[in-house]
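Heads up, coords06.txt below (compact mmCIF, C-alpha atoms):
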```txt
# COMPACT_ATOMS: atom_id res chain seq x y z
CA MET A 1079 0.00 0.00 0.00
CA LYS A 1080 1.36 3.36 -1.07
CA LYS A 1081 2.16 5.84 1.66
CA ILE A 1082 -0.13 8.88 1.68
CA LYS A 1083 0.87 12.41 2.58
CA PHE A 1084 -0.56 13.97 5.71
CA SER A 1085 -1.89 17.08 3.90
CA ALA A 1086 -3.84 14.90 1.46
CA PHE A 1087 -5.32 12.94 4.36
CA LEU A 1088 -6.23 16.15 6.23
CA SER A 1089 -8.01 17.82 3.30
CA THR A 1090 -10.00 14.66 2.50
CA ALA A 1091 -11.05 14.33 6.15
CA ILE A 1092 -12.19 17.97 6.26
CA VAL A 1093 -14.31 17.54 3.11
CA CYS A 1094 -15.84 14.32 4.48
CA TYR A 1095 -16.69 16.00 7.77
CA LEU A 1096 -18.36 18.95 5.97
CA PHE A 1097 -20.52 16.49 4.04
CA TRP A 1098 -21.45 14.72 7.29
CA LEU A 1099 -22.49 18.02 8.86
CA VAL A 1100 -24.61 18.97 5.86
CA LEU A 1101 -26.35 15.64 5.35
CA THR A 1102 -27.26 15.14 9.01
CA GLY A 1103 -28.55 18.71 9.23
CA GLN A 1104 -26.18 19.64 12.07
CA ILE A 1105 -24.66 22.62 10.24
CA VAL A 1106 -27.83 24.64 10.84
CA SER A 1107 -28.19 23.61 14.49
CA ILE A 1108 -24.57 24.64 15.21
CA PHE A 1109 -25.55 28.25 14.47
CA THR A 1110 -28.94 28.12 16.14
CA GLY A 1111 -27.75 26.09 19.14
CA GLY A 1112 -28.79 22.57 20.05
CA ALA A 1113 -26.22 20.53 18.12
CA SER A 1114 -25.82 17.05 19.51
CA LEU A 1115 -22.26 16.24 20.68
CA GLN A 1116 -22.74 12.54 20.01
CA ILE A 1117 -23.44 13.05 16.30
CA LEU A 1118 -20.48 15.43 15.92
CA LEU A 1119 -18.03 12.95 17.48
CA ALA A 1120 -19.37 10.01 15.46
CA GLY A 1121 -18.97 12.07 12.28
CA ALA A 1122 -15.35 12.92 13.13
CA LEU A 1123 -14.55 9.23 13.69
CA VAL A 1124 -16.23 8.09 10.47
CA SER A 1125 -14.61 10.81 8.34
CA ILE A 1126 -11.11 10.02 9.67
CA ILE A 1127 -11.59 6.31 8.86
CA ALA A 1128 -12.97 7.11 5.38
CA ALA A 1129 -10.11 9.52 4.65
CA LEU A 1130 -7.52 6.88 5.59
CA PHE A 1131 -8.80 4.59 2.85
CA SER A 1132 -9.72 7.09 0.14
CA ALA A 1133 -7.18 9.95 0.33
CA ARG A 1134 -4.90 8.42 -2.29
CA PHE A 1135 -7.69 8.34 -4.88
CA PHE A 1136 -8.68 11.99 -4.43
CA ILE A 1137 -5.49 13.99 -4.02
CA ARG A 1138 -2.55 13.48 -6.37
CA SER A 1139 -0.49 16.66 -6.16
CA LYS A 1140 -1.21 19.83 -4.16
CA ALA A 1141 -3.75 19.32 -1.39
CA PHE A 1142 -4.75 22.86 -0.42
CA TYR A 1143 -4.78 24.53 -3.85
CA LEU A 1144 -8.10 26.26 -3.20
CA ALA A 1145 -7.21 27.48 0.30
CA ASN A 1146 -5.74 30.63 -1.24
CA PRO A 1147 -8.59 33.15 -0.82
CA VAL A 1148 -7.88 35.10 -4.03
CA LYS A 1149 -8.01 31.92 -6.10
CA PHE A 1150 -11.14 30.84 -4.26
CA PHE A 1151 -12.96 34.07 -5.10
CA ILE A 1152 -11.82 33.90 -8.73
CA TRP A 1153 -13.18 30.34 -8.79
CA ILE A 1154 -16.56 31.44 -7.42
CA TYR A 1155 -16.68 34.33 -9.93
CA TYR A 1156 -15.82 31.97 -12.79
CA SER A 1157 -18.41 29.36 -11.92
CA VAL A 1158 -21.23 31.78 -11.11
CA ILE A 1159 -20.88 34.49 -13.76
CA VAL A 1160 -18.53 33.54 -16.62
CA PHE A 1161 -19.51 29.89 -16.87
CA MET A 1162 -23.22 30.57 -16.31
CA TRP A 1163 -23.26 33.01 -19.23
CA GLU A 1164 -21.65 30.44 -21.56
CA LEU A 1165 -24.16 27.86 -20.29
CA ILE A 1166 -27.19 30.05 -21.03
CA LYS A 1167 -25.97 30.91 -24.55
CA ALA A 1168 -25.32 27.24 -25.40
CA ASN A 1169 -28.65 26.17 -23.89
CA ILE A 1170 -30.62 28.60 -26.05
CA ASP A 1171 -28.70 27.44 -29.12
CA VAL A 1172 -29.44 23.74 -28.53
CA ALA A 1173 -33.08 24.50 -27.67
CA LEU A 1174 -33.52 26.29 -31.02
CA ARG A 1175 -32.03 23.26 -32.77
CA ALA A 1176 -34.38 20.93 -30.87
CA PHE A 1177 -37.48 22.85 -31.94
CA GLY A 1178 -36.30 22.79 -35.54
CA PHE A 1179 -35.33 26.40 -36.20
CA LYS A 1180 -31.75 25.45 -37.11
CA LYS A 1181 -30.20 22.44 -38.82
CA ASN A 1182 -27.42 20.55 -37.08
CA LYS A 1183 -24.38 18.96 -38.65
CA PRO A 1184 -22.53 16.86 -36.08
CA GLY A 1185 -18.87 15.93 -36.20
CA ILE A 1186 -15.80 15.23 -34.09
CA VAL A 1187 -13.08 17.89 -34.01
CA LYS A 1188 -9.63 18.05 -32.45
CA VAL A 1189 -8.76 20.97 -30.18
CA GLU A 1190 -5.39 21.98 -28.76
CA SER A 1191 -4.90 23.19 -25.20
CA ASP A 1192 -1.78 24.55 -23.53
CA LEU A 1193 -2.83 23.78 -19.96
CA LYS A 1194 -0.38 21.55 -18.12
CA SER A 1195 -1.71 20.48 -14.72
CA ASP A 1196 -4.17 17.63 -14.17
CA TYR A 1197 -6.64 19.83 -12.31
CA GLY A 1198 -6.73 22.40 -15.12
CA LEU A 1199 -7.24 19.77 -17.82
CA ALA A 1200 -10.03 18.10 -15.84
CA ALA A 1201 -11.74 21.43 -15.16
CA LEU A 1202 -11.61 22.46 -18.83
CA ALA A 1203 -12.90 19.05 -20.00
CA ASN A 1204 -15.76 19.13 -17.52
CA SER A 1205 -16.69 22.70 -18.49
CA ILE A 1206 -16.77 21.72 -22.17
CA THR A 1207 -18.90 18.64 -21.48
CA LEU A 1208 -21.32 20.55 -19.28
CA THR A 1209 -22.19 23.13 -21.94
CA PRO A 1210 -24.82 21.64 -24.26
CA GLY A 1211 -23.60 21.11 -27.80
CA THR A 1212 -20.12 19.82 -27.02
CA ILE A 1213 -18.99 16.56 -25.38
CA THR A 1214 -15.36 15.70 -24.66
CA LEU A 1215 -14.57 12.20 -25.89
CA ASP A 1216 -10.90 11.80 -24.99
CA ILE A 1217 -7.70 13.61 -24.01
CA ALA A 1218 -4.46 12.61 -25.73
CA GLU A 1219 -0.93 13.86 -25.13
CA CYS A 1220 1.32 14.27 -28.16
CA ASP A 1221 4.71 16.06 -28.32
CA GLY A 1222 4.21 17.77 -24.95
CA LYS A 1223 0.83 19.27 -25.91
CA ASN A 1224 -2.61 18.10 -24.86
CA TYR A 1225 -5.36 17.54 -27.39
CA PHE A 1226 -9.08 17.19 -26.74
CA TYR A 1227 -11.35 15.21 -29.05
CA ILE A 1228 -14.75 16.88 -28.94
CA HIS A 1229 -18.08 15.91 -30.44
CA TRP A 1230 -19.62 19.16 -31.67
CA ILE A 1231 -23.22 19.47 -32.78
CA ASP A 1232 -22.54 22.26 -35.30
CA VAL A 1233 -19.16 21.93 -37.04
CA ALA A 1234 -18.23 25.34 -38.43
CA THR A 1235 -14.58 24.56 -39.15
CA ALA A 1236 -12.50 21.41 -38.86
CA ASP A 1237 -9.32 23.41 -38.26
CA VAL A 1238 -7.61 22.89 -34.89
CA LYS A 1239 -7.10 26.57 -34.01
CA GLU A 1240 -10.43 28.05 -35.17
CA ALA A 1241 -12.50 25.25 -33.64
CA GLY A 1242 -10.60 25.75 -30.38
CA ASP A 1243 -11.40 29.47 -30.34
CA ALA A 1244 -15.09 28.79 -31.04
CA ILE A 1245 -15.49 26.06 -28.40
CA LYS A 1246 -13.33 27.20 -25.52
CA GLY A 1247 -14.30 30.86 -25.70
CA THR A 1248 -13.28 32.72 -22.58
CA MET A 1249 -13.25 29.64 -20.35
CA GLU A 1250 -9.61 28.63 -20.86
CA LYS A 1251 -8.26 32.04 -19.79
CA TRP A 1252 -10.09 31.88 -16.45
CA ILE A 1253 -9.16 28.25 -15.80
CA ARG A 1254 -5.48 29.04 -16.45
CA ARG A 1255 -5.74 31.86 -13.90
CA ILE A 1256 -7.16 29.50 -11.26
CA TRP A 1257 -5.34 26.21 -11.63
CA GLU A 1258 -1.91 27.06 -13.09
CA MET B 1193 -41.57 37.07 -4.64
CA ARG B 1194 -43.97 34.34 -5.72
CA TYR B 1195 -43.76 35.60 -9.30
CA ILE B 1196 -39.95 35.33 -9.31
CA ILE B 1197 -40.15 31.70 -8.13
CA ASP B 1198 -42.80 30.85 -10.70
CA ILE B 1199 -40.81 32.46 -13.52
CA LEU B 1200 -37.64 30.54 -12.56
CA ILE B 1201 -39.47 27.21 -12.50
CA ALA B 1202 -41.24 28.01 -15.79
CA ILE B 1203 -37.91 28.79 -17.51
CA SER B 1204 -36.56 25.49 -16.24
CA LEU B 1205 -39.67 23.68 -17.51
CA LEU B 1206 -39.22 25.30 -20.94
CA PHE B 1207 -35.62 24.06 -21.25
CA ALA B 1208 -36.62 20.59 -20.02
CA LEU B 1209 -39.31 20.54 -22.74
CA ALA B 1210 -36.67 21.54 -25.32
CA GLY B 1211 -34.42 18.69 -24.15
CA VAL B 1212 -37.25 16.15 -24.34
CA VAL B 1213 -38.26 17.28 -27.83
CA GLY B 1214 -34.63 17.07 -28.90
CA MET B 1215 -34.25 13.57 -27.51
CA ILE B 1216 -37.32 12.46 -29.47
CA ARG B 1217 -36.47 14.26 -32.72
CA PHE B 1218 -32.70 14.01 -33.24
CA ARG B 1219 -31.41 11.29 -35.54
CA ASP B 1220 -28.15 9.95 -34.09
CA VAL B 1221 -26.90 8.85 -30.68
CA PHE B 1222 -24.49 11.69 -29.92
CA SER B 1223 -26.98 14.44 -30.79
CA ARG B 1224 -29.50 12.87 -28.41
CA MET B 1225 -26.82 12.96 -25.74
CA GLN B 1226 -26.37 16.70 -26.30
CA ALA B 1227 -30.11 17.22 -25.85
CA SER B 1228 -30.03 15.30 -22.57
CA THR B 1229 -27.32 17.72 -21.34
CA ASN B 1230 -29.89 20.45 -21.94
CA ILE B 1231 -32.25 18.80 -19.42
CA SER B 1232 -29.63 18.35 -16.74
CA THR B 1233 -28.11 21.86 -16.77
CA LEU B 1234 -30.65 24.66 -17.00
CA GLY B 1235 -33.57 22.32 -16.36
CA VAL B 1236 -32.05 21.61 -12.95
CA ILE B 1237 -30.61 25.01 -12.05
CA GLY B 1238 -33.88 26.91 -12.42
CA VAL B 1239 -35.81 24.52 -10.18
CA ILE B 1240 -33.04 24.48 -7.56
CA LEU B 1241 -32.80 28.31 -7.46
CA GLY B 1242 -36.56 28.64 -7.18
CA ALA B 1243 -36.68 26.01 -4.44
CA ILE B 1244 -33.90 27.77 -2.48
CA ILE B 1245 -35.77 31.08 -2.59
CA TYR B 1246 -39.07 29.40 -1.67
CA SER B 1247 -37.74 27.43 1.28
CA ALA B 1248 -35.77 30.40 2.63
CA VAL B 1249 -38.47 33.06 2.27
CA VAL B 1250 -41.81 31.26 2.48
CA LEU B 1251 -41.04 28.18 4.58
CA GLY B 1252 -38.12 29.56 6.63
CA ASP B 1253 -36.49 26.12 6.84
CA TYR B 1254 -32.71 26.56 6.49
CA SER B 1255 -31.76 22.87 6.62
CA MET B 1256 -33.75 22.45 3.41
CA VAL B 1257 -31.73 25.30 1.85
CA VAL B 1258 -28.44 23.58 2.71
CA LYS B 1259 -29.68 20.27 1.31
CA LEU B 1260 -30.81 21.94 -1.93
CA VAL B 1261 -27.42 23.63 -2.37
CA VAL B 1262 -25.69 20.26 -1.94
CA MET B 1263 -28.04 18.71 -4.51
CA GLY B 1264 -27.27 21.46 -7.04
CA ILE B 1265 -23.50 21.11 -6.61
CA PHE B 1266 -23.83 17.33 -6.88
CA TYR B 1267 -25.75 17.54 -10.17
CA ILE B 1268 -23.25 20.01 -11.63
CA ILE B 1269 -20.24 17.88 -10.64
CA THR B 1270 -21.50 14.41 -11.60
CA ASN B 1271 -23.30 15.11 -14.86
CA PRO B 1272 -20.20 15.76 -17.06
CA ILE B 1273 -18.43 12.70 -15.66
CA ALA B 1274 -21.32 10.39 -16.58
CA GLY B 1275 -21.75 12.06 -19.98
CA HIS B 1276 -18.07 11.73 -20.81
CA ALA B 1277 -17.98 8.05 -19.77
CA VAL B 1278 -21.09 7.15 -21.76
CA ALA B 1279 -19.91 9.04 -24.88
CA LYS B 1280 -16.49 7.39 -24.87
CA ALA B 1281 -18.05 3.95 -24.38
CA ALA B 1282 -20.47 4.61 -27.25
CA TYR B 1283 -17.62 5.60 -29.56
CA ARG B 1284 -15.50 2.60 -28.59
CA ARG B 1285 -18.48 0.31 -29.35
CA GLY B 1286 -18.35 1.58 -32.93
CA MET B 1287 -21.65 3.43 -32.92
CA ALA B 1288 -20.21 6.33 -34.92
CA LYS B 1289 -19.23 4.11 -37.88
CA ASP B 1290 -22.37 4.47 -39.97
CA LEU B 1291 -23.33 8.01 -38.99
CA GLU B 1292 -23.05 10.99 -41.32
CA LEU B 1293 -20.38 12.98 -39.50
CA GLU B 1294 -19.01 16.22 -40.89
CA CYS B 1295 -15.47 15.21 -39.91
CA ASP B 1296 -14.03 12.53 -37.64
CA LYS B 1297 -10.58 13.38 -36.32
CA TYR B 1298 -10.75 10.86 -33.47
CA GLY B 1299 -11.26 7.89 -35.79
CA GLU B 1300 -8.40 9.01 -38.06
CA ASP B 1301 -6.00 9.36 -35.14
CA LEU B 1302 -7.04 5.99 -33.68
CA GLU B 1303 -6.35 4.32 -37.05
CA ASN B 1304 -2.95 6.02 -37.30
CA ALA B 1305 -2.00 4.87 -33.83
CA ASP B 1306 -2.73 1.21 -34.55
CA MET C 792 -49.65 27.00 -3.30
CA ASN C 793 -51.12 24.93 -6.13
CA GLU C 794 -48.74 26.15 -8.84
CA LEU C 795 -45.99 23.94 -7.43
CA LEU C 796 -48.19 20.86 -7.87
CA PHE C 797 -48.99 21.96 -11.44
CA PHE C 798 -45.30 22.31 -12.29
CA ALA C 799 -44.56 18.90 -10.71
CA ILE C 800 -47.27 17.28 -12.85
CA CYS C 801 -45.71 18.90 -15.95
CA PHE C 802 -42.30 17.40 -15.11
CA VAL C 803 -43.83 13.94 -14.62
CA ALA C 804 -45.62 14.29 -17.99
CA LEU C 805 -42.28 15.09 -19.67
CA ALA C 806 -40.79 11.98 -18.04
CA LEU C 807 -43.69 9.90 -19.41
CA VAL C 808 -43.04 11.27 -22.92
CA LEU C 809 -39.44 10.05 -22.66
CA PHE C 810 -40.65 6.44 -22.19
CA TYR C 811 -41.16 6.39 -26.00
CA ARG C 812 -37.40 6.71 -26.50
CA LEU C 813 -36.74 4.21 -23.70
CA ILE C 814 -38.83 1.53 -25.41
CA LYS C 815 -37.97 2.25 -29.06
CA GLY C 816 -34.33 3.39 -28.70
CA PRO C 817 -32.19 1.58 -31.28
CA SER C 818 -29.14 1.05 -29.07
CA VAL C 819 -28.13 0.43 -25.47
CA VAL C 820 -26.57 3.87 -25.09
CA ASP C 821 -29.88 5.54 -25.99
CA ARG C 822 -31.65 3.62 -23.27
CA ALA C 823 -28.99 4.41 -20.66
CA VAL C 824 -29.03 8.16 -21.39
CA THR C 825 -32.84 8.22 -21.45
CA ALA C 826 -33.11 6.40 -18.13
CA ASP C 827 -30.75 8.99 -16.61
CA SER C 828 -32.90 11.85 -17.94
CA ILE C 829 -36.11 10.26 -16.64
CA GLU C 830 -34.49 10.00 -13.22
CA ILE C 831 -33.51 13.71 -13.27
CA LEU C 832 -37.03 14.80 -14.27
CA THR C 833 -38.55 12.68 -11.49
CA ASP C 834 -36.12 14.29 -9.04
CA MET C 835 -37.36 17.74 -10.06
CA ALA C 836 -40.94 16.64 -9.43
CA LEU C 837 -39.88 15.30 -5.99
CA ILE C 838 -38.23 18.63 -5.07
CA LEU C 839 -41.36 20.55 -6.04
CA PHE C 840 -43.53 18.14 -4.04
CA ALA C 841 -41.25 18.56 -1.02
CA LEU C 842 -41.78 22.32 -1.25
CA HIS C 843 -45.54 21.86 -1.60
CA SER C 844 -45.85 19.62 1.44
CA GLY C 845 -43.15 21.39 3.47
CA ARG C 846 -41.46 18.14 4.52
CA SER C 847 -37.75 17.66 3.80
CA ILE C 848 -37.90 13.83 3.71
CA TYR C 849 -38.64 13.97 -0.05
CA LEU C 850 -35.38 15.88 -0.58
CA ASP C 851 -33.46 12.96 0.93
CA ILE C 852 -35.17 10.58 -1.49
CA ALA C 853 -34.28 12.87 -4.41
CA LEU C 854 -30.62 13.01 -3.29
CA VAL C 855 -30.41 9.21 -3.04
CA THR C 856 -31.95 8.71 -6.50
CA ALA C 857 -29.49 11.24 -7.93
CA VAL C 858 -26.55 9.26 -6.51
CA LEU C 859 -27.99 5.98 -7.78
CA GLY C 860 -28.58 7.37 -11.28
CA PHE C 861 -24.98 8.61 -11.52
CA ILE C 862 -23.56 5.28 -10.37
CA GLY C 863 -25.87 3.42 -12.76
CA SER C 864 -24.83 5.32 -15.87
CA VAL C 865 -21.11 5.06 -15.02
CA LEU C 866 -21.59 1.30 -14.47
CA VAL C 867 -23.32 0.88 -17.84
CA SER C 868 -20.49 2.71 -19.61
CA ARG C 869 -17.82 0.58 -17.89
CA TYR C 870 -19.72 -2.53 -19.01
CA LEU C 871 -19.96 -1.30 -22.60
CA GLU C 872 -16.23 -0.66 -22.73
CA GLY C 873 -15.65 -4.23 -21.55
CA ARG C 874 -13.66 -3.34 -18.45
CA LEU C 875 -16.05 -4.70 -15.83
```
File written out as structure tokens:
Amino acid sequence: MKKIKFSAFLSTAIVCYLFWLVLTGQIVSIFTGGASLQILLAGALVSIIAALFSARFFIRSKAFYLANPVKFFIWIYYSVIVFMWELIKANIDVALRAFGFKKNKPGIVKVESDLKSDYGLAALANSITLTPGTITLDIAECDGKNYFYIHWIDVATADVKEAGDAIKGTMEKWIRRIWE
Amino acid sequence: MRYIIDILIAISLLFALAGVVGMIRFRDVFSRMQASTNISTLGVIGVILGAIIYSAVVLGDYSMVVKLVVMGIFYIITNPIAGHAVAKAAYRRGMAKDLELECDKYGEDLENAD
Amino acid sequence: MNELLFFAICFVALALVLFYRLIKGPSVVDRAVTADSIEILTDMALILFALHSGRSIYLDIALVTAVLGFIGSVLVSRYLEGRL
């Protein structure tokens, strides 16, 4: 069994304990008074045991990358305003296609990305998949660069650069600012 | 305040209707998958926002608010993972072979690698 | 108070429309994606019913069905890739 770092174990245990507090409803009764000590202690025990087994699946590199408050607020701003705007635009587009106002011509394009870290690549792939109209199929590494294979519902160009500009939009700039 | 909640839920219902119509009408597998993403993004977010406002203002039950926030975050995190896994499995099963695709870079690169 | 019930009935009707794709769907992937969507629409109806009745036990049921739907679709995709 591989040895796990203490920071990885600690961050996993904190996340597990927050989930315990939320799902048992104790996080409200801490503020209003009347939290039960028994439930709090049982949750601490269970989350420590769960973190011992599962920390090596969750954390690979830096454990506390979002503990920096500036990065945390940029992350909130990205996911509430920038990403939500992209989501609404793509949703209206796909809804118009569904009702038959536009024709669709599907295809699979290849897009280049210059992000390096695992967290950044995963965040960009999940953002692309979550917007309707594009689904990430695979990520391949070739000559030190990372390429996404994306199924796109409306192929405008098959070129690597232009398709990348049309799909990624402003999302890559913000993700590079958070996770690099 | 009731009108804001009703408008949010009605917007969400409209996008869910668009997703359902797309899933019935579209021709190939991957396009239907795109339409199902439409249901699980804005179709969920509108209802969750409306429910948060309703349970905080009308009901005054804050444990419900916390649970709804957790549900929203859970939907947003897990939906792209499931979509990505299902799409990759569908491609590896060869379901894109006899479709009319505009271009297929993934298939070309897979053939070159072999 | 009754608008919430009306919206919940609309979501359930949309889920019933999707049963057409679930029965007819030409491939396995269609059925898996459609079952996931039906589960999400039913969850929305459960949330609205929880608001209507004011009891948070329905929210727990919706959370559990969301977890089960996610695990189910990931399991189906692992099986299709032949790695299970």
Pull out every residue of chain C that has at least one atom within 12 Å of chain A, counting all atoms listed in the file, and report them as an MDAnalysis selection string. chainID C and resid 847:848 850:851 854:855
Would you give me, as CSV, each residue of chain B having an atom within 8 Å of an atom of chain C, along with its shortest atom pair and that distance in Å to one decimal, using only C-alpha atoms and sorting by chain and residue number?
```
residue,atom,partner,partner_atom,distance
B:Asp1198,CA,C:Glu794,CA,7.8
B:Ile1201,CA,C:Phe798,CA,7.6
B:Ala1202,CA,C:Phe798,CA,7.8
B:Leu1205,CA,C:Phe802,CA,7.2
B:Ala1208,CA,C:Leu805,CA,7.9
B:Leu1209,CA,C:Leu805,CA,6.9
B:Val1212,CA,C:Leu809,CA,6.7
B:Met1215,CA,C:Arg812,CA,7.6
B:Ile1216,CA,C:Arg812,CA,6.5
B:Val1221,CA,C:Asp821,CA,6.5
B:Arg1224,CA,C:Asp821,CA,7.7
B:Met1225,CA,C:Val824,CA,6.8
B:Ser1228,CA,C:Ser828,CA,6.4
B:Ile1231,CA,C:Ser828,CA,7.1
B:Ser1232,CA,C:Ile831,CA,7.0
B:Val1236,CA,C:Met835,CA,7.2
B:Val1239,CA,C:Met835,CA,7.0
B:Ala1243,CA,C:Leu842,CA,7.1
B:Tyr1246,CA,C:Leu842,CA,7.6
B:Ser1247,CA,C:Leu842,CA,7.0
B:Leu1251,CA,C:Gly845,CA,7.2
B:Met1256,CA,C:Ser847,CA,6.3
B:Lys1259,CA,C:Leu850,CA,7.4
B:Leu1260,CA,C:Leu850,CA,7.7
B:Met1263,CA,C:Leu854,CA,6.4
B:Tyr1267,CA,C:Ala857,CA,7.7
B:Thr1270,CA,C:Phe861,CA,6.8
B:Asn1271,CA,C:Phe861,CA,7.5
B:Ala1274,CA,C:Val865,CA,5.6
B:Ala1277,CA,C:Ser868,CA,5.9
B:Val1278,CA,C:Ser868,CA,5.0
B:Ala1281,CA,C:Glu872,CA,5.2
B:Ala1282,CA,C:Val820,CA,6.5
B:Arg1284,CA,C:Glu872,CA,6.7
B:Arg1285,CA,C:Glu872,CA,7.1
```
When you draw a straight line from atom CA of A:Met1249 to atom CA of A:Ala1086, how long is it in Å?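 We find that atom CA of A:Met1249 and atom CA of A:Ala1086 lie 28.0 Å from each other.
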With distances taken over only C-alpha atoms, which residue among B:Lys1280, B:Val1250, B:Phe1266, B:Arg1194 lies nearest chain A?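 Closest candidate: B:Lys1280.
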Hey, can you check how far atom CA of A:Ile1117 sits from atom CA of A:Ile1105? 11.4 Å
Per residue of chain B within 9 Å of chain A, what are the shortest atom pair and its distance in Å to one decimal, counting only C-alpha atoms, with rows by chain and residue number, as a tab-separated table?
```
residue	atom	partner	partner_atom	distance
B:Phe1207	CA	A:Ala1173	CA	6.9
B:Leu1209	CA	A:Ala1173	CA	8.9
B:Ala1210	CA	A:Ala1173	CA	5.2
B:Gly1211	CA	A:Ala1173	CA	6.9
B:Val1212	CA	A:Ala1176	CA	8.6
B:Val1213	CA	A:Ala1176	CA	6.1
B:Gly1214	CA	A:Ala1176	CA	4.3
B:Met1215	CA	A:Ala1176	CA	8.1
B:Arg1217	CA	A:Ala1176	CA	7.2
B:Phe1218	CA	A:Ala1176	CA	7.5
B:Phe1222	CA	A:His1229	CA	7.7
B:Ser1223	CA	A:Ile1231	CA	6.6
B:Met1225	CA	A:Ile1213	CA	8.6
B:Gln1226	CA	A:Gly1211	CA	5.4
B:Ala1227	CA	A:Pro1210	CA	7.1
B:Ser1228	CA	A:Pro1210	CA	8.4
B:Thr1229	CA	A:Pro1210	CA	5.5
B:Asn1230	CA	A:Pro1210	CA	5.7
B:Ser1232	CA	A:Leu1208	CA	9.0
B:Thr1233	CA	A:Leu1208	CA	7.4
B:Leu1234	CA	A:Asn1169	CA	7.3
B:Tyr1254	CA	A:Val1106	CA	6.8
B:Ser1255	CA	A:Gly1103	CA	5.9
B:Met1256	CA	A:Gly1103	CA	8.7
B:Val1258	CA	A:Val1100	CA	6.8
B:Lys1259	CA	A:Val1100	CA	6.9
B:Val1262	CA	A:Val1100	CA	8.0
B:Ile1268	CA	A:Leu1208	CA	7.9
B:Ile1269	CA	A:Asn1204	CA	8.3
B:Asn1271	CA	A:Leu1208	CA	7.3
B:Pro1272	CA	A:Leu1208	CA	5.4
B:Ile1273	CA	A:Asn1204	CA	7.2
B:Gly1275	CA	A:Thr1207	CA	7.3
B:His1276	CA	A:Thr1214	CA	6.2
B:Ala1277	CA	A:Leu1215	CA	8.1
B:Ala1279	CA	A:Leu1215	CA	6.3
B:Lys1280	CA	A:Leu1215	CA	5.3
B:Tyr1283	CA	A:Leu1215	CA	8.1
B:Glu1292	CA	A:Pro1184	CA	7.9
B:Leu1293	CA	A:Gly1185	CA	4.7
B:Glu1294	CA	A:Gly1185	CA	4.7
B:Cys1295	CA	A:Gly1185	CA	5.1
B:Asp1296	CA	A:Ile1186	CA	4.8
B:Lys1297	CA	A:Val1187	CA	5.7
B:Tyr1298	CA	A:Tyr1227	CA	6.2
B:Gly1299	CA	A:Ile1186	CA	8.8
```
Just write the chosen residues, C-alpha atoms, as an mmCIF file, in the coordinates of the input.
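As a result, selection.cif now contains:
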```
data_model
loop_
_atom_site.group_PDB
_atom_site.id
_atom_site.type_symbol
_atom_site.label_atom_id
_atom_site.label_comp_id
_atom_site.auth_asym_id
_atom_site.auth_seq_id
_atom_site.Cartn_x
_atom_site.Cartn_y
_atom_site.Cartn_z
ATOM 1 C CA PHE B 1207 -35.620 24.060 -21.250
ATOM 2 C CA LEU B 1209 -39.310 20.540 -22.740
ATOM 3 C CA ALA B 1210 -36.670 21.540 -25.320
ATOM 4 C CA GLY B 1211 -34.420 18.690 -24.150
ATOM 5 C CA VAL B 1212 -37.250 16.150 -24.340
ATOM 6 C CA VAL B 1213 -38.260 17.280 -27.830
ATOM 7 C CA GLY B 1214 -34.630 17.070 -28.900
ATOM 8 C CA MET B 1215 -34.250 13.570 -27.510
ATOM 9 C CA ARG B 1217 -36.470 14.260 -32.720
ATOM 10 C CA PHE B 1218 -32.700 14.010 -33.240
ATOM 11 C CA PHE B 1222 -24.490 11.690 -29.920
ATOM 12 C CA SER B 1223 -26.980 14.440 -30.790
ATOM 13 C CA MET B 1225 -26.820 12.960 -25.740
ATOM 14 C CA GLN B 1226 -26.370 16.700 -26.300
ATOM 15 C CA ALA B 1227 -30.110 17.220 -25.850
ATOM 16 C CA SER B 1228 -30.030 15.300 -22.570
ATOM 17 C CA THR B 1229 -27.320 17.720 -21.340
ATOM 18 C CA ASN B 1230 -29.890 20.450 -21.940
ATOM 19 C CA SER B 1232 -29.630 18.350 -16.740
ATOM 20 C CA THR B 1233 -28.110 21.860 -16.770
ATOM 21 C CA LEU B 1234 -30.650 24.660 -17.000
ATOM 22 C CA TYR B 1254 -32.710 26.560 6.490
ATOM 23 C CA SER B 1255 -31.760 22.870 6.620
ATOM 24 C CA MET B 1256 -33.750 22.450 3.410
ATOM 25 C CA VAL B 1258 -28.440 23.580 2.710
ATOM 26 C CA LYS B 1259 -29.680 20.270 1.310
ATOM 27 C CA VAL B 1262 -25.690 20.260 -1.940
ATOM 28 C CA ILE B 1268 -23.250 20.010 -11.630
ATOM 29 C CA ILE B 1269 -20.240 17.880 -10.640
ATOM 30 C CA ASN B 1271 -23.300 15.110 -14.860
ATOM 31 C CA PRO B 1272 -20.200 15.760 -17.060
ATOM 32 C CA ILE B 1273 -18.430 12.700 -15.660
ATOM 33 C CA GLY B 1275 -21.750 12.060 -19.980
ATOM 34 C CA HIS B 1276 -18.070 11.730 -20.810
ATOM 35 C CA ALA B 1277 -17.980 8.050 -19.770
ATOM 36 C CA ALA B 1279 -19.910 9.040 -24.880
ATOM 37 C CA LYS B 1280 -16.490 7.390 -24.870
ATOM 38 C CA TYR B 1283 -17.620 5.600 -29.560
ATOM 39 C CA GLU B 1292 -23.050 10.990 -41.320
ATOM 40 C CA LEU B 1293 -20.380 12.980 -39.500
ATOM 41 C CA GLU B 1294 -19.010 16.220 -40.890
ATOM 42 C CA CYS B 1295 -15.470 15.210 -39.910
ATOM 43 C CA ASP B 1296 -14.030 12.530 -37.640
ATOM 44 C CA LYS B 1297 -10.580 13.380 -36.320
ATOM 45 C CA TYR B 1298 -10.750 10.860 -33.470
ATOM 46 C CA GLY B 1299 -11.260 7.890 -35.790
#
```
